[in-house]
Amino acid sequence: MELGLVTSGEALASVDALLPKLIEAKVGSRIAAQDPTVWGPAAEAESAIRLGWVNPFEAAGKLIPAILELREELQQENLTRIVLCGMGGSSLAPEVIAAHDEVDLVICDTTDPSMVKQIVETDLERTVVVVSSKSGSTVETDSQRRAFTAAFQAAGIDPATRLVLVTDPGSPMDNPEGVRAVFNADPHVGGRYSALTAFGLVPSGLAGADIEALVEESGLVNDVLASDDEDNLALHLGAAMATAGRDKLLIACVGDALPGFGDWAEQLIAESTGKDGKGVLPVAAHVDAPELKNLPADVVPLFVYDELPEEIDEEATAVHFSAPLGTAFMIFEYATAVAGYLLGISPFDQPDVEAAKVAARSMLEAPAAAEPDAVDGSVQLFGTTASTLDAALDELTAQLPEDGYFAIQAYLNRTSDSQLQALRDLFAEKTGRPVTFGWGPRFLHSTGQYHKGGPAQGVFLQITADHQDDLDIPDRPYSFGSLITAQAIGDGAVLSDAEHNRPVLRVNLTDRAAGIAALLEAAK
C-alpha cells in the first residue's frame, strides 16, 4: 500500500491557511519531543502523562518476543481461538489489525447477554481469553472475565491456563495469580492512542497477525511526523480536520482498504476532540453513503485508499489518504493531536465519559422501572409525546438543527442484530444530515464523549430490547441484561439532563425481531 495524502476544495484551503502557522509554532517537533505545553496551560498536567504514543517502538520491541513466544505455546496446545474482552481503544485497534491480516480474533466488546453467551459458549476447548483494561476496573471487561472464568470452571478447564491480561502497571488486574500471563502497557498512553502498545499488539499478535511488520510500518514516518515542514502529513491532515465551518469528518474506506479503520479513527477523533462545546464529529460510513451524494456544507469527506486515484477533483472538498496500517495509525494519532491544538482543546482528557458510568451505576444500585410514554406493537417509546413509532421518529428528527447530526445507539447484539446498521443510511436519506451508528455500550468508550462534550448539535435514538435469555454475572447482584439496560438509561439521562439538554428517544423492543422490522420500516 502506498503512502499519500491529498486535500482538495475547502480542505486544501484550510491546509494552505493553517500549515504555515503549525510550522512556525513547531507543533510537529514539539509533539514528537513529548512537549506537554503544546495544548496550553490547562491541558499541561494531562498532556505530561499521555504522550508515550509518539515513540512506541522501544516498548514494542521488548513486548513482541514475549507475545510470539506465548503464541507458539498456545498453538502447540491447539489453543487457537483467541477472544478479546475489551472496550473502545482496547478492542477497536486489535479488530482492525486482525481484519487487515485476515486472522480470526473474536471481539467481545458488549454487555448484551445474547452476544456474550454466544461467545462464551462456543468452542471453549481451544479458547484463550485476552482481557484488556487500562484501569483494570472497567465494568464490561470485569463482567466478561467473570463469565468466562465460570464457563471454564464448569467445563473442567483451569482458567489459569486460558486467561491473558493486558493492563497498566499497578492496576487491580496487574496480578499474575490465577492467569496464564500479564502484559503491561505504557501507562503514559491513553486508550484511544494505544494501537501500537500492548493493547493493540497482544490480542492481534496471539491471533496470528504480523505485529512485527505493523510496528516496522509505524516507524516509516517517524522522522517525517517530527518535522516542521510541508512534508509532515499529520500537519496536513490535522489542518484539514480543522476546516472552518466543516466540523464533521465522514470517513469512507474505498474497496478493501483498511477494513474497520473508520471505526478506530472514529473513537480516536471523537473522544479526543469532543469537549468544551467544540470538536470534529467523525462519521464512519462508506463510499455509497447518502451524505456523499448530496454533501452537507459542514462535512469533509475523508477517503481511505489502497492507492490514491490518478485523478482527483480539485474543486470538491475532500481528503484522500493512503498508507500502510501501522503508518496510518501514527499519522492519525499525530493529526488528531494537531487538530486539538488548532481547536484549542486538550486531546487527552475525556471529562464527560465518567458521567454516564456514574448514572449507570446508580441505575444498577436503585433500578427504577419506568413506564413507557407509549406502546406501538412490539415497541415501547420513552421520551416522546407521540403515540406511534412513526410519529415519535418524526418528532425526534424535527428537533435536528440545520448543522446537526443524528446518532443511532443500538444496545443490542451486533452479530445477530446486524441488520439494524441499515438504519444509518435510511436516516441519512430521511434527514439529509450526517448519521452516526454506534453499538452500545462500546460507543460509550468512543463517541460518547463527543455526544456530551462536543457541540450541542445531536439528536439521539436509543434502541434497547427485553432480554428473553439473560445471563447472570458471577458474584455480582445484577445480570448482563440489567447492566446493558442501566448503561443505556444512564447515558440517556445524562444526555437529556438540564446541563446537556440533548433530545433523546428510547425505543425498547419487547420482541426483538418484530421490533427491528418495525424500526427499519418506519425509517423509510
# chains A, B, ... in the order shown; residues from 1 in each chain; ligands from 1
$ select_by_dssp --residues "range 299-337 of chain A" --states "helix (DSSP H, G or I)" --output "VMD selection string"
chain A and resid 325 to 337
$ write_last_selection --atoms "N, CA and C atoms" --output "CSV table (one decimal), in the first residue's frame"
chain,number,residue,atom,x,y,z
A,325,LEU,N,-1.0,0.1,7.3
A,325,LEU,CA,-1.8,0.3,8.5
A,325,LEU,C,-1.0,0.9,9.7
A,326,GLY,N,0.2,0.4,9.9
A,326,GLY,CA,1.0,0.9,11.0
A,326,GLY,C,1.3,2.4,10.8
A,327,THR,N,1.6,2.8,9.6
A,327,THR,CA,1.8,4.2,9.3
A,327,THR,C,0.6,5.0,9.5
A,328,ALA,N,-0.6,4.4,9.1
A,328,ALA,CA,-1.9,5.1,9.2
A,328,ALA,C,-2.2,5.4,10.7
A,329,PHE,N,-1.9,4.4,11.5
A,329,PHE,CA,-2.1,4.6,13.0
A,329,PHE,C,-1.4,5.9,13.5
A,330,MET,N,-0.1,5.9,13.1
A,330,MET,CA,0.8,7.0,13.6
A,330,MET,C,0.3,8.4,13.1
A,331,ILE,N,0.0,8.4,11.8
A,331,ILE,CA,-0.4,9.7,11.1
A,331,ILE,C,-1.7,10.2,11.8
A,332,PHE,N,-2.7,9.3,12.0
A,332,PHE,CA,-3.9,9.8,12.5
A,332,PHE,C,-3.8,10.2,14.0
A,333,GLU,N,-2.9,9.5,14.7
A,333,GLU,CA,-2.8,9.9,16.1
A,333,GLU,C,-2.1,11.3,16.2
A,334,TYR,N,-1.1,11.5,15.4
A,334,TYR,CA,-0.5,12.9,15.4
A,334,TYR,C,-1.5,13.9,14.9
A,335,ALA,N,-2.2,13.6,13.8
A,335,ALA,CA,-3.1,14.6,13.2
A,335,ALA,C,-4.2,14.9,14.2
A,336,THR,N,-4.7,14.0,15.0
A,336,THR,CA,-5.7,14.3,15.9
A,336,THR,C,-5.2,15.2,17.0
A,337,ALA,N,-4.0,15.0,17.4
A,337,ALA,CA,-3.3,15.9,18.4
A,337,ALA,C,-3.2,17.3,17.8
$ residues_around --residues "Thr388 in chain A" --least-positions-apart "6" --cutoff "12 Å" --atoms "only C-alpha atoms" --output "number ranges by chain"
A: 372-382, 394-395, 507, 518-519, 522
$ write_last_selection --atoms "N, CA and C atoms" --output "PDB file, in the first residue's frame"
ATOM      1  N   PRO A 372     -43.413   3.182  29.924  1.00  0.00           N
ATOM      2  CA  PRO A 372     -43.224   3.843  28.628  1.00  0.00           C
ATOM      3  C   PRO A 372     -44.235   4.956  28.418  1.00  0.00           C
ATOM      4  N   ASP A 373     -43.855   5.939  27.630  1.00  0.00           N
ATOM      5  CA  ASP A 373     -44.778   7.022  27.290  1.00  0.00           C
ATOM      6  C   ASP A 373     -45.851   6.541  26.312  1.00  0.00           C
ATOM      7  N   ALA A 374     -45.504   5.528  25.535  1.00  0.00           N
ATOM      8  CA  ALA A 374     -46.475   4.944  24.597  1.00  0.00           C
ATOM      9  C   ALA A 374     -45.969   3.574  24.183  1.00  0.00           C
ATOM     10  N   VAL A 375     -46.878   2.770  23.663  1.00  0.00           N
ATOM     11  CA  VAL A 375     -46.530   1.447  23.143  1.00  0.00           C
ATOM     12  C   VAL A 375     -47.121   1.311  21.750  1.00  0.00           C
ATOM     13  N   ASP A 376     -46.275   0.913  20.810  1.00  0.00           N
ATOM     14  CA  ASP A 376     -46.724   0.697  19.433  1.00  0.00           C
ATOM     15  C   ASP A 376     -46.321  -0.710  19.031  1.00  0.00           C
ATOM     16  N   GLY A 377     -47.232  -1.663  19.177  1.00  0.00           N
ATOM     17  CA  GLY A 377     -46.934  -3.055  18.864  1.00  0.00           C
ATOM     18  C   GLY A 377     -45.836  -3.588  19.758  1.00  0.00           C
ATOM     19  N   SER A 378     -44.725  -4.015  19.160  1.00  0.00           N
ATOM     20  CA  SER A 378     -43.616  -4.590  19.923  1.00  0.00           C
ATOM     21  C   SER A 378     -42.591  -3.544  20.343  1.00  0.00           C
ATOM     22  N   VAL A 379     -42.948  -2.267  20.226  1.00  0.00           N
ATOM     23  CA  VAL A 379     -42.011  -1.180  20.531  1.00  0.00           C
ATOM     24  C   VAL A 379     -42.575  -0.294  21.641  1.00  0.00           C
ATOM     25  N   GLN A 380     -41.819  -0.178  22.716  1.00  0.00           N
ATOM     26  CA  GLN A 380     -42.139   0.772  23.777  1.00  0.00           C
ATOM     27  C   GLN A 380     -41.389   2.077  23.504  1.00  0.00           C
ATOM     28  N   LEU A 381     -42.052   3.203  23.739  1.00  0.00           N
ATOM     29  CA  LEU A 381     -41.472   4.509  23.444  1.00  0.00           C
ATOM     30  C   LEU A 381     -41.246   5.292  24.731  1.00  0.00           C
ATOM     31  N   PHE A 382     -40.033   5.832  24.889  1.00  0.00           N
ATOM     32  CA  PHE A 382     -39.670   6.621  26.063  1.00  0.00           C
ATOM     33  C   PHE A 382     -39.101   7.958  25.591  1.00  0.00           C
ATOM     34  N   ASP A 394     -40.564  11.056  13.821  1.00  0.00           N
ATOM     35  CA  ASP A 394     -40.763  12.376  13.205  1.00  0.00           C
ATOM     36  C   ASP A 394     -40.520  13.488  14.225  1.00  0.00           C
ATOM     37  N   GLU A 395     -40.984  13.272  15.439  1.00  0.00           N
ATOM     38  CA  GLU A 395     -40.797  14.263  16.494  1.00  0.00           C
ATOM     39  C   GLU A 395     -39.308  14.449  16.793  1.00  0.00           C
ATOM     40  N   VAL A 507     -36.323   3.628  22.188  1.00  0.00           N
ATOM     41  CA  VAL A 507     -37.303   2.627  21.780  1.00  0.00           C
ATOM     42  C   VAL A 507     -36.838   1.282  22.334  1.00  0.00           C
ATOM     43  N   ALA A 518     -40.003  -3.310  12.519  1.00  0.00           N
ATOM     44  CA  ALA A 518     -40.805  -2.089  12.613  1.00  0.00           C
ATOM     45  C   ALA A 518     -39.940  -0.844  12.491  1.00  0.00           C
ATOM     46  N   LEU A 519     -38.771  -0.871  13.101  1.00  0.00           N
ATOM     47  CA  LEU A 519     -37.856   0.263  13.015  1.00  0.00           C
ATOM     48  C   LEU A 519     -37.379   0.491  11.583  1.00  0.00           C
ATOM     49  N   ALA A 522     -40.195   1.975   9.612  1.00  0.00           N
ATOM     50  CA  ALA A 522     -40.507   3.350   9.991  1.00  0.00           C
ATOM     51  C   ALA A 522     -39.465   4.343   9.514  1.00  0.00           C
TER      52      ALA A 522
END
$ closest_residue --among "A:Asp469, A:Glu266, A:Glu46, A:Asp425" --to "Glu291 in chain A" --atoms "only C-alpha atoms"
A:Asp425
$ select_by_dssp --residues "range 58-232 of chain A" --states "strand (DSSP E or B)" --output "ChimeraX atom specification"
/A:81-85,106-108,127-132,163-167,181-184
$ write_last_selection --atoms "C-alpha atoms" --output "PDB file, in the first residue's frame"
ATOM      1  CA  ARG A  81      -9.385 -19.395  19.247  1.00  0.00           C
ATOM      2  CA  ILE A  82      -8.463 -16.012  20.683  1.00  0.00           C
ATOM      3  CA  VAL A  83     -11.245 -13.977  22.302  1.00  0.00           C
ATOM      4  CA  LEU A  84     -10.648 -10.350  23.246  1.00  0.00           C
ATOM      5  CA  CYS A  85     -12.653  -8.797  26.078  1.00  0.00           C
ATOM      6  CA  VAL A 106     -13.278 -12.832  18.357  1.00  0.00           C
ATOM      7  CA  ILE A 107     -14.210  -9.454  19.828  1.00  0.00           C
ATOM      8  CA  CYS A 108     -16.361  -9.385  22.972  1.00  0.00           C
ATOM      9  CA  THR A 127     -10.240 -20.813  23.549  1.00  0.00           C
ATOM     10  CA  VAL A 128      -7.863 -18.344  25.171  1.00  0.00           C
ATOM     11  CA  VAL A 129      -9.326 -15.086  26.509  1.00  0.00           C
ATOM     12  CA  VAL A 130      -7.411 -11.813  26.465  1.00  0.00           C
ATOM     13  CA  VAL A 131      -8.892  -9.369  28.975  1.00  0.00           C
ATOM     14  CA  SER A 132      -7.782  -5.798  28.245  1.00  0.00           C
ATOM     15  CA  LEU A 163      -6.675 -16.087  30.740  1.00  0.00           C
ATOM     16  CA  VAL A 164      -4.225 -13.454  29.463  1.00  0.00           C
ATOM     17  CA  LEU A 165      -4.422  -9.946  30.919  1.00  0.00           C
ATOM     18  CA  VAL A 166      -3.379  -6.616  29.397  1.00  0.00           C
ATOM     19  CA  THR A 167      -3.380  -3.650  31.761  1.00  0.00           C
ATOM     20  CA  ALA A 181       0.166 -14.201  31.534  1.00  0.00           C
ATOM     21  CA  VAL A 182       0.008 -10.494  32.292  1.00  0.00           C
ATOM     22  CA  PHE A 183       1.246  -7.921  29.775  1.00  0.00           C
ATOM     23  CA  ASN A 184       1.764  -4.367  30.951  1.00  0.00           C
TER      24      ASN A 184
END
$ closest_residue --among "A:Glu521, A:Asp104, A:Asp466, A:Glu371" --to "Ala209 in chain A" --atoms "only C-alpha atoms"
A:Asp104
$ residues_around --residues "Leu74 in chain A" --least-positions-apart "5" --cutoff "9 Å" --atoms "only C-alpha atoms" --output "PyMOL selection string"
chain A and resi 69+79-80+128+206
$ residues_around --residues "Lys117 in chain A" --least-positions-apart "6" --cutoff "10 Å" --atoms "only C-alpha atoms" --output "list in words"
Thr111, Gln144, Ala147, Phe148, Ala151, Asp469, Asp470, Leu471 and Phe480 of chain A
$ write_last_selection --atoms "N, CA, C and O atoms" --output "JSON list (two decimals), in the first residue's frame"
[["chain", "number", "residue", "atom", "x", "y", "z"],
["A", 111, "THR", "N", -22.14, -5.87, 26.49],
["A", 111, "THR", "CA", -22.78, -6.47, 27.65],
["A", 111, "THR", "C", -24.14, -7.04, 27.27],
["A", 111, "THR", "O", -24.93, -7.39, 28.15],
["A", 144, "GLN", "N", -17.22, -9.64, 31.75],
["A", 144, "GLN", "CA", -16.90, -10.66, 30.75],
["A", 144, "GLN", "C", -15.91, -11.67, 31.30],
["A", 144, "GLN", "O", -16.04, -12.88, 31.08],
["A", 147, "ALA", "N", -17.65, -14.10, 33.51],
["A", 147, "ALA", "CA", -18.44, -15.06, 32.74],
["A", 147, "ALA", "C", -17.56, -16.15, 32.16],
["A", 147, "ALA", "O", -17.91, -17.35, 32.20],
["A", 148, "PHE", "N", -16.42, -15.78, 31.62],
["A", 148, "PHE", "CA", -15.51, -16.78, 31.04],
["A", 148, "PHE", "C", -14.90, -17.66, 32.11],
["A", 148, "PHE", "O", -14.75, -18.88, 31.92],
["A", 151, "ALA", "N", -17.38, -20.19, 33.03],
["A", 151, "ALA", "CA", -17.60, -21.15, 31.95],
["A", 151, "ALA", "C", -16.45, -22.16, 31.88],
["A", 151, "ALA", "O", -16.67, -23.37, 31.68],
["A", 469, "ASP", "N", -33.43, -14.32, 27.31],
["A", 469, "ASP", "CA", -32.50, -15.35, 27.80],
["A", 469, "ASP", "C", -31.30, -14.64, 28.42],
["A", 469, "ASP", "O", -30.23, -14.56, 27.84],
["A", 470, "ASP", "N", -31.49, -14.08, 29.60],
["A", 470, "ASP", "CA", -30.47, -13.27, 30.26],
["A", 470, "ASP", "C", -29.32, -14.15, 30.76],
["A", 470, "ASP", "O", -29.42, -15.38, 30.78],
["A", 471, "LEU", "N", -28.25, -13.49, 31.17],
["A", 471, "LEU", "CA", -27.06, -14.19, 31.66],
["A", 471, "LEU", "C", -26.58, -13.51, 32.94],
["A", 471, "LEU", "O", -26.29, -12.32, 32.94],
["A", 480, "PHE", "N", -26.17, -9.46, 32.95],
["A", 480, "PHE", "CA", -25.75, -8.70, 31.77],
["A", 480, "PHE", "C", -26.92, -7.88, 31.22],
["A", 480, "PHE", "O", -26.74, -6.74, 30.79]]
$ residues_around --residues "Arg71 in chain A" --least-positions-apart "3" --cutoff "10 Å" --atoms "only C-alpha atoms" --output "list of chain:residue names"
A:Pro65, A:Ala66, A:Ile67, A:Leu68, A:Leu74, A:Gln75, A:Gln76, A:Glu77, A:Leu79, A:Thr80, A:Val202, A:Pro203, A:Gly205, A:Leu206, A:Ala207, A:Gly208
